[in-house]
Amino acid sequence: MRRKTRQIHVGKLVIGGDAPIAVQSMTTTYTRDVASTVAQIHRLEDVGCEIARVAVPEMEDAVVLGEIKQRIHIPLVADIHYNPALALEAIRQGVDKVRINPGNLLNGRKSLEQIVKAAKERDIAMRIGVNSGSIDALDKMAQMQRIQVRLRDDGVLERTDPAEVRRKEREHLVERMVNKALEYISWCEELEYHTIAVSLKSSSVLTAIAAYRLFSQRSDYPLHLGITEAGTLVSGSVKSAVGLGLLLADGIGDTIRVSLSAEPEEEIPVAYEILRSLELRNRGVTFVSCPSCGRVEIDVVQVANEVEKRLAKVQTPIQVAVMGCVVNGPGESRDADVGLAGGKGKGIIFRKGEVVKTVPEDQFLDAVLKEVASLLPPAEAKLVYPEGGIKDVVVSHRTRDEGMNLPLVKK
């Protein structure tokens, strides 16, 4: 069951309550470079991003926010640190939400009150974004990872427990994070301002989970989930899936961001995959593919990656399977809206559980994408299967005798 939270608006998007869990990302461009920033937000929109956040480190970035907002189609959030004047200018520019960090906002309550008054006047939202590192968290990891031994006065050797030390440090840090968020919320409420979302991020998965759980016990403001500085595409996706997945399974979370050291467009499919796996969103392609093994006689990894890449912009709920052997292939392919059960030299194409045709392996890509396009609205169908069909061939032939051969036809 979803945790029942207050409902707020970020632009035209509803956050909290029973609204769908929204997917966010953040641009990597210099915000003052309007053309590059707008282009990147458009790419984010294409893959389903619902809220875009931009960095506002200097006034040159703040003064162009109005121009950026006019040229995009999703809510715009200004990310503010240190200088409250940047938040005030962002609000004047018409952004849909400002994110402030209680750990580094200069002049604390005085600055917050200025920002709240401006946000209240313009009827825009605020995210109180607490980061563990920004509230002077103590970095004792190297010390805590060592087992320390000391000789007591009575001659007994006493060993420390690093895990217990880490647990106590985490509890202390989590309490400070949550208290800081609640303190800022109380100042907002004194000004009768309630259009607030909260985040409690950490690069430590366990710290973030504990902070979000504790806050959800003490407040009903909507929560934006994230594991900050999660890592590269693989490590960051895994940490985010574990951390966000555990919280979402508890019913905690109203918006999410998967933070990766990658292009921001790559964050969005991971976020939707987390939500789809927990049946919290039904948007875009649910993709099923086998991991490959010694039974497979096609390069299923290459085919699956290419199909998934070409379906990245599809927002219509649809399930697609790419399988490579006779053991699991037919069953999984029949269960999908469109499926390929590949074998040596040829494969069977399924549509809604029925066999459509058998095709040679150099036509796998064309056949799968053509069937997917037939189930999509016209605009999405053109993105997946352009006029003239798919000319590229990505499959490579495998046999147990010969191993992997070169692609049948080069792109």
# chains A, B, ... in the order shown; residues from 1 in each chain; ligands from 1

call {"tool": "select_by_dssp", "arguments": {"residues": "range 146-274 of chain A", "states": "strand (DSSP E or B)", "output": "list in words"}}
result
Val149, Arg150, Leu151, Leu157, Glu158, Arg159, Ile196, Ala197, Val198, Ser199, Leu200, Lys201, Leu223, His224, Leu225, Thr255 and Ile256 of chain A

call {"tool": "write_last_selection", "arguments": {"atoms": "N, CA and C atoms", "output": "PDB file, in the first residue's frame"}}
result
ATOM      1  N   VAL A 149      41.753  -3.314  18.741  1.00  0.00           N
ATOM      2  CA  VAL A 149      41.933  -4.158  19.931  1.00  0.00           C
ATOM      3  C   VAL A 149      42.704  -3.356  20.977  1.00  0.00           C
ATOM      4  N   ARG A 150      42.220  -3.383  22.206  1.00  0.00           N
ATOM      5  CA  ARG A 150      42.960  -2.713  23.274  1.00  0.00           C
ATOM      6  C   ARG A 150      42.983  -3.621  24.509  1.00  0.00           C
ATOM      7  N   LEU A 151      44.019  -3.448  25.296  1.00  0.00           N
ATOM      8  CA  LEU A 151      44.187  -4.238  26.515  1.00  0.00           C
ATOM      9  C   LEU A 151      43.638  -3.450  27.699  1.00  0.00           C
ATOM     10  N   LEU A 157      41.683  -8.600  26.595  1.00  0.00           N
ATOM     11  CA  LEU A 157      41.701  -7.942  25.292  1.00  0.00           C
ATOM     12  C   LEU A 157      40.265  -7.619  24.872  1.00  0.00           C
ATOM     13  N   GLU A 158      40.030  -6.378  24.456  1.00  0.00           N
ATOM     14  CA  GLU A 158      38.694  -5.929  24.060  1.00  0.00           C
ATOM     15  C   GLU A 158      38.723  -5.547  22.574  1.00  0.00           C
ATOM     16  N   ARG A 159      37.841  -6.151  21.809  1.00  0.00           N
ATOM     17  CA  ARG A 159      37.775  -5.889  20.363  1.00  0.00           C
ATOM     18  C   ARG A 159      36.553  -5.033  20.047  1.00  0.00           C
ATOM     19  N   ILE A 196       5.331  21.590  -0.269  1.00  0.00           N
ATOM     20  CA  ILE A 196       6.679  21.126   0.041  1.00  0.00           C
ATOM     21  C   ILE A 196       6.817  19.653  -0.322  1.00  0.00           C
ATOM     22  N   ALA A 197       7.941  19.322  -0.939  1.00  0.00           N
ATOM     23  CA  ALA A 197       8.399  17.936  -1.060  1.00  0.00           C
ATOM     24  C   ALA A 197       9.735  17.844  -0.334  1.00  0.00           C
ATOM     25  N   VAL A 198      10.111  16.641   0.053  1.00  0.00           N
ATOM     26  CA  VAL A 198      11.316  16.443   0.853  1.00  0.00           C
ATOM     27  C   VAL A 198      12.137  15.311   0.247  1.00  0.00           C
ATOM     28  N   SER A 199      13.447  15.465   0.287  1.00  0.00           N
ATOM     29  CA  SER A 199      14.341  14.350  -0.034  1.00  0.00           C
ATOM     30  C   SER A 199      15.395  14.232   1.053  1.00  0.00           C
ATOM     31  N   LEU A 200      15.850  13.009   1.286  1.00  0.00           N
ATOM     32  CA  LEU A 200      16.865  12.725   2.316  1.00  0.00           C
ATOM     33  C   LEU A 200      17.880  11.768   1.700  1.00  0.00           C
ATOM     34  N   LYS A 201      18.754  12.314   0.875  1.00  0.00           N
ATOM     35  CA  LYS A 201      19.628  11.479   0.061  1.00  0.00           C
ATOM     36  C   LYS A 201      20.966  11.227   0.734  1.00  0.00           C
ATOM     37  N   LEU A 223       7.587  12.586  -0.672  1.00  0.00           N
ATOM     38  CA  LEU A 223       9.014  12.315  -0.663  1.00  0.00           C
ATOM     39  C   LEU A 223       9.547  12.072  -2.074  1.00  0.00           C
ATOM     40  N   HIS A 224      10.662  12.730  -2.362  1.00  0.00           N
ATOM     41  CA  HIS A 224      11.414  12.461  -3.584  1.00  0.00           C
ATOM     42  C   HIS A 224      12.561  11.533  -3.219  1.00  0.00           C
ATOM     43  N   LEU A 225      12.594  10.342  -3.846  1.00  0.00           N
ATOM     44  CA  LEU A 225      13.584   9.329  -3.497  1.00  0.00           C
ATOM     45  C   LEU A 225      14.798   9.403  -4.410  1.00  0.00           C
ATOM     46  N   THR A 255       8.121  10.649  -5.893  1.00  0.00           N
ATOM     47  CA  THR A 255       8.885  10.870  -7.117  1.00  0.00           C
ATOM     48  C   THR A 255      10.233  10.183  -6.922  1.00  0.00           C
ATOM     49  N   ILE A 256      10.896   9.856  -8.041  1.00  0.00           N
ATOM     50  CA  ILE A 256      12.202   9.208  -7.935  1.00  0.00           C
ATOM     51  C   ILE A 256      13.158   9.767  -8.985  1.00  0.00           C
TER      52      ILE A 256
END

call {"tool": "residues_around", "arguments": {"residues": "Leu275 in chain A", "least_positions_apart": "2", "cutoff": "10 Å", "atoms": "only C-alpha atoms", "output": "list in words"}}
result
Ile21, Ala22, Val23, Ala241, Leu244, Gly245, Leu248, Ala249, Ile256, Pro269, Val270, Ala271, Tyr272, Glu273, Ser277, Leu278, Glu279, Leu280, Arg281, Asn282 and Arg283 of chain A

call {"tool": "closest_residue", "arguments": {"among": "A:Ser111, A:Gln70, A:Thr5, A:Ser203", "to": "Ser134 in chain A", "atoms": "only C-alpha atoms"}}
result
A:Ser203

call {"tool": "select_by_dssp", "arguments": {"residues": "range 201-357 of chain A", "states": "alpha helix (DSSP H)", "output": "MDAnalysis selection string"}}
result
chainID A and resid 205:218 233:249 267:277 300:310 329:335

call {"tool": "residues_around", "arguments": {"residues": "Gly108 in chain A", "least_positions_apart": "6", "cutoff": "10 Å", "atoms": "only C-alpha atoms", "output": "PyMOL selection string"}}
result
chain A and resi 82+84+101-102+184

call {"tool": "residues_around", "arguments": {"residues": "Gln315 in chain A", "least_positions_apart": "3", "cutoff": "10 Å", "atoms": "only C-alpha atoms", "output": "PDB file with N, CA and C atoms, in the first residue's frame"}}
result
ATOM      1  N   ASP A  46      11.688  12.933 -24.479  1.00  0.00           N
ATOM      2  CA  ASP A  46      11.468  11.860 -25.447  1.00  0.00           C
ATOM      3  C   ASP A  46      11.449  10.480 -24.795  1.00  0.00           C
ATOM      4  N   VAL A  47      12.207  10.304 -23.716  1.00  0.00           N
ATOM      5  CA  VAL A  47      12.266   8.985 -23.073  1.00  0.00           C
ATOM      6  C   VAL A  47      11.407   8.907 -21.817  1.00  0.00           C
ATOM      7  N   GLY A  48      10.572   9.932 -21.573  1.00  0.00           N
ATOM      8  CA  GLY A  48       9.576   9.829 -20.511  1.00  0.00           C
ATOM      9  C   GLY A  48       9.869  10.575 -19.230  1.00  0.00           C
ATOM     10  N   ASN A 282       2.834   1.580 -15.307  1.00  0.00           N
ATOM     11  CA  ASN A 282       2.664   0.730 -16.484  1.00  0.00           C
ATOM     12  C   ASN A 282       2.869   1.601 -17.708  1.00  0.00           C
ATOM     13  N   ARG A 283       4.099   1.982 -17.929  1.00  0.00           N
ATOM     14  CA  ARG A 283       4.412   2.901 -19.014  1.00  0.00           C
ATOM     15  C   ARG A 283       5.669   2.429 -19.725  1.00  0.00           C
ATOM     16  N   GLY A 284       5.607   2.365 -21.042  1.00  0.00           N
ATOM     17  CA  GLY A 284       6.769   1.974 -21.804  1.00  0.00           C
ATOM     18  C   GLY A 284       6.901   0.470 -21.945  1.00  0.00           C
ATOM     19  N   VAL A 285       8.051   0.044 -22.420  1.00  0.00           N
ATOM     20  CA  VAL A 285       8.278  -1.352 -22.792  1.00  0.00           C
ATOM     21  C   VAL A 285       8.753  -2.168 -21.586  1.00  0.00           C
ATOM     22  N   LEU A 311      13.524   0.770 -28.894  1.00  0.00           N
ATOM     23  CA  LEU A 311      12.209   0.955 -28.270  1.00  0.00           C
ATOM     24  C   LEU A 311      12.259   1.933 -27.099  1.00  0.00           C
ATOM     25  N   ALA A 312      13.382   2.624 -26.934  1.00  0.00           N
ATOM     26  CA  ALA A 312      13.574   3.478 -25.761  1.00  0.00           C
ATOM     27  C   ALA A 312      12.565   4.612 -25.668  1.00  0.00           C
ATOM     28  N   ILE A 318       3.743  -2.039 -23.302  1.00  0.00           N
ATOM     29  CA  ILE A 318       3.827  -3.196 -24.193  1.00  0.00           C
ATOM     30  C   ILE A 318       4.936  -4.106 -23.693  1.00  0.00           C
ATOM     31  N   LEU A 376       1.349  -0.078 -31.847  1.00  0.00           N
ATOM     32  CA  LEU A 376       1.563   1.243 -31.262  1.00  0.00           C
ATOM     33  C   LEU A 376       0.754   2.312 -31.974  1.00  0.00           C
ATOM     34  N   PRO A 377       0.504   3.450 -31.299  1.00  0.00           N
ATOM     35  CA  PRO A 377      -0.099   4.594 -31.985  1.00  0.00           C
ATOM     36  C   PRO A 377       0.799   5.044 -33.146  1.00  0.00           C
ATOM     37  N   GLU A 380       4.289   6.845 -32.457  1.00  0.00           N
ATOM     38  CA  GLU A 380       5.329   5.983 -31.904  1.00  0.00           C
ATOM     39  C   GLU A 380       5.743   4.911 -32.900  1.00  0.00           C
TER      40      GLU A 380
END

call {"tool": "atom_distance", "arguments": {"atom1": "CA of Ser259 in chain A", "atom2": "CA of Gly231 in chain A"}}
result
7.4 Å

call {"tool": "closest_residue", "arguments": {"among": "A:Arg127, A:Lys4, A:Arg334, A:Lys120", "to": "Ala78 in chain A", "atoms": "only C-alpha atoms"}}
result
A:Arg127

call {"tool": "atom_distance", "arguments": {"atom1": "CA of Met1 in chain A", "atom2": "CA of Gly251 in chain A"}}
result
5.4 Å

call {"tool": "decode", "arguments": {"residues": "range 289-321 of chain A", "atoms": "N, CA and C atoms", "output": "mmCIF file, in the first residue's frame"}}
result
data_model
loop_
_atom_site.group_PDB
_atom_site.id
_atom_site.type_symbol
_atom_site.label_atom_id
_atom_site.label_comp_id
_atom_site.auth_asym_id
_atom_site.auth_seq_id
_atom_site.Cartn_x
_atom_site.Cartn_y
_atom_site.Cartn_z
ATOM 1 N N SER A 289 14.362 -10.776 -21.890
ATOM 2 C CA SER A 289 15.340 -11.431 -22.757
ATOM 3 C C SER A 289 16.130 -12.429 -21.942
ATOM 4 N N CYS A 290 16.588 -13.488 -22.606
ATOM 5 C CA CYS A 290 17.351 -14.503 -21.881
ATOM 6 C C CYS A 290 18.801 -14.056 -21.737
ATOM 7 N N PRO A 291 19.487 -14.548 -20.713
ATOM 8 C CA PRO A 291 20.854 -14.105 -20.449
ATOM 9 C C PRO A 291 21.883 -14.756 -21.356
ATOM 10 N N SER A 292 21.443 -15.643 -22.242
ATOM 11 C CA SER A 292 22.317 -16.410 -23.126
ATOM 12 C C SER A 292 22.996 -17.527 -22.339
ATOM 13 N N CYS A 293 23.238 -18.630 -23.026
ATOM 14 C CA CYS A 293 23.912 -19.770 -22.407
ATOM 15 C C CYS A 293 24.393 -20.679 -23.526
ATOM 16 N N GLY A 294 24.891 -21.850 -23.163
ATOM 17 C CA GLY A 294 25.439 -22.768 -24.147
ATOM 18 C C GLY A 294 24.408 -23.414 -25.040
ATOM 19 N N ARG A 295 23.101 -23.229 -24.733
ATOM 20 C CA ARG A 295 22.051 -23.764 -25.605
ATOM 21 C C ARG A 295 21.771 -22.848 -26.789
ATOM 22 N N VAL A 296 22.143 -21.560 -26.670
ATOM 23 C CA VAL A 296 21.746 -20.547 -27.639
ATOM 24 C C VAL A 296 22.641 -20.602 -28.871
ATOM 25 N N GLU A 297 22.026 -20.474 -30.060
ATOM 26 C CA GLU A 297 22.800 -20.485 -31.301
ATOM 27 C C GLU A 297 22.579 -19.219 -32.126
ATOM 28 N N ILE A 298 22.192 -18.150 -31.466
ATOM 29 C CA ILE A 298 22.220 -16.812 -32.058
ATOM 30 C C ILE A 298 22.880 -15.890 -31.042
ATOM 31 N N ASP A 299 23.316 -14.719 -31.473
ATOM 32 C CA ASP A 299 23.882 -13.746 -30.529
ATOM 33 C C ASP A 299 22.724 -12.980 -29.909
ATOM 34 N N VAL A 300 22.062 -13.624 -28.946
ATOM 35 C CA VAL A 300 20.850 -13.053 -28.365
ATOM 36 C C VAL A 300 21.139 -11.744 -27.635
ATOM 37 N N VAL A 301 22.341 -11.607 -27.071
ATOM 38 C CA VAL A 301 22.686 -10.375 -26.359
ATOM 39 C C VAL A 301 22.672 -9.188 -27.306
ATOM 40 N N GLN A 302 23.269 -9.363 -28.474
ATOM 41 C CA GLN A 302 23.328 -8.276 -29.448
ATOM 42 C C GLN A 302 21.931 -7.922 -29.960
ATOM 43 N N VAL A 303 21.135 -8.933 -30.273
ATOM 44 C CA VAL A 303 19.774 -8.679 -30.765
ATOM 45 C C VAL A 303 18.939 -7.986 -29.696
ATOM 46 N N ALA A 304 18.993 -8.489 -28.463
ATOM 47 C CA ALA A 304 18.187 -7.915 -27.378
ATOM 48 C C ALA A 304 18.570 -6.465 -27.119
ATOM 49 N N ASN A 305 19.865 -6.175 -27.084
ATOM 50 C CA ASN A 305 20.302 -4.794 -26.837
ATOM 51 C C ASN A 305 19.842 -3.862 -27.943
ATOM 52 N N GLU A 306 19.902 -4.309 -29.168
ATOM 53 C CA GLU A 306 19.496 -3.450 -30.283
ATOM 54 C C GLU A 306 17.993 -3.205 -30.264
ATOM 55 N N VAL A 307 17.203 -4.236 -29.995
ATOM 56 C CA VAL A 307 15.746 -4.061 -29.927
ATOM 57 C C VAL A 307 15.392 -3.104 -28.793
ATOM 58 N N GLU A 308 15.985 -3.317 -27.617
ATOM 59 C CA GLU A 308 15.683 -2.458 -26.473
ATOM 60 C C GLU A 308 16.048 -1.007 -26.761
ATOM 61 N N LYS A 309 17.201 -0.770 -27.378
ATOM 62 C CA LYS A 309 17.630 0.587 -27.699
ATOM 63 C C LYS A 309 16.635 1.273 -28.626
ATOM 64 N N ARG A 310 16.130 0.548 -29.622
ATOM 65 C CA ARG A 310 15.210 1.156 -30.597
ATOM 66 C C ARG A 310 13.805 1.360 -30.039
ATOM 67 N N LEU A 311 13.524 0.770 -28.894
ATOM 68 C CA LEU A 311 12.209 0.955 -28.270
ATOM 69 C C LEU A 311 12.259 1.933 -27.099
ATOM 70 N N ALA A 312 13.382 2.624 -26.934
ATOM 71 C CA ALA A 312 13.574 3.478 -25.761
ATOM 72 C C ALA A 312 12.565 4.612 -25.668
ATOM 73 N N LYS A 313 12.067 5.114 -26.795
ATOM 74 C CA LYS A 313 11.152 6.250 -26.778
ATOM 75 C C LYS A 313 9.682 5.843 -26.707
ATOM 76 N N VAL A 314 9.400 4.560 -26.672
ATOM 77 C CA VAL A 314 8.016 4.088 -26.626
ATOM 78 C C VAL A 314 7.452 4.300 -25.225
ATOM 79 N N GLN A 315 6.304 4.942 -25.137
ATOM 80 C CA GLN A 315 5.646 5.167 -23.850
ATOM 81 C C GLN A 315 4.401 4.296 -23.669
ATOM 82 N N THR A 316 3.890 3.726 -24.750
ATOM 83 C CA THR A 316 2.742 2.836 -24.664
ATOM 84 C C THR A 316 3.130 1.552 -23.929
ATOM 85 N N PRO A 317 2.340 1.107 -22.965
ATOM 86 C CA PRO A 317 2.674 -0.140 -22.258
ATOM 87 C C PRO A 317 2.642 -1.331 -23.216
ATOM 88 N N ILE A 318 3.743 -2.039 -23.302
ATOM 89 C CA ILE A 318 3.827 -3.196 -24.193
ATOM 90 C C ILE A 318 4.936 -4.106 -23.693
ATOM 91 N N GLN A 319 4.772 -5.411 -23.831
ATOM 92 C CA GLN A 319 5.796 -6.365 -23.405
ATOM 93 C C GLN A 319 6.421 -7.011 -24.623
ATOM 94 N N VAL A 320 7.744 -7.013 -24.655
ATOM 95 C CA VAL A 320 8.502 -7.558 -25.778
ATOM 96 C C VAL A 320 9.511 -8.555 -25.238
ATOM 97 N N ALA A 321 9.609 -9.719 -25.889
ATOM 98 C CA ALA A 321 10.546 -10.761 -25.458
ATOM 99 C C ALA A 321 11.483 -11.121 -26.598
#
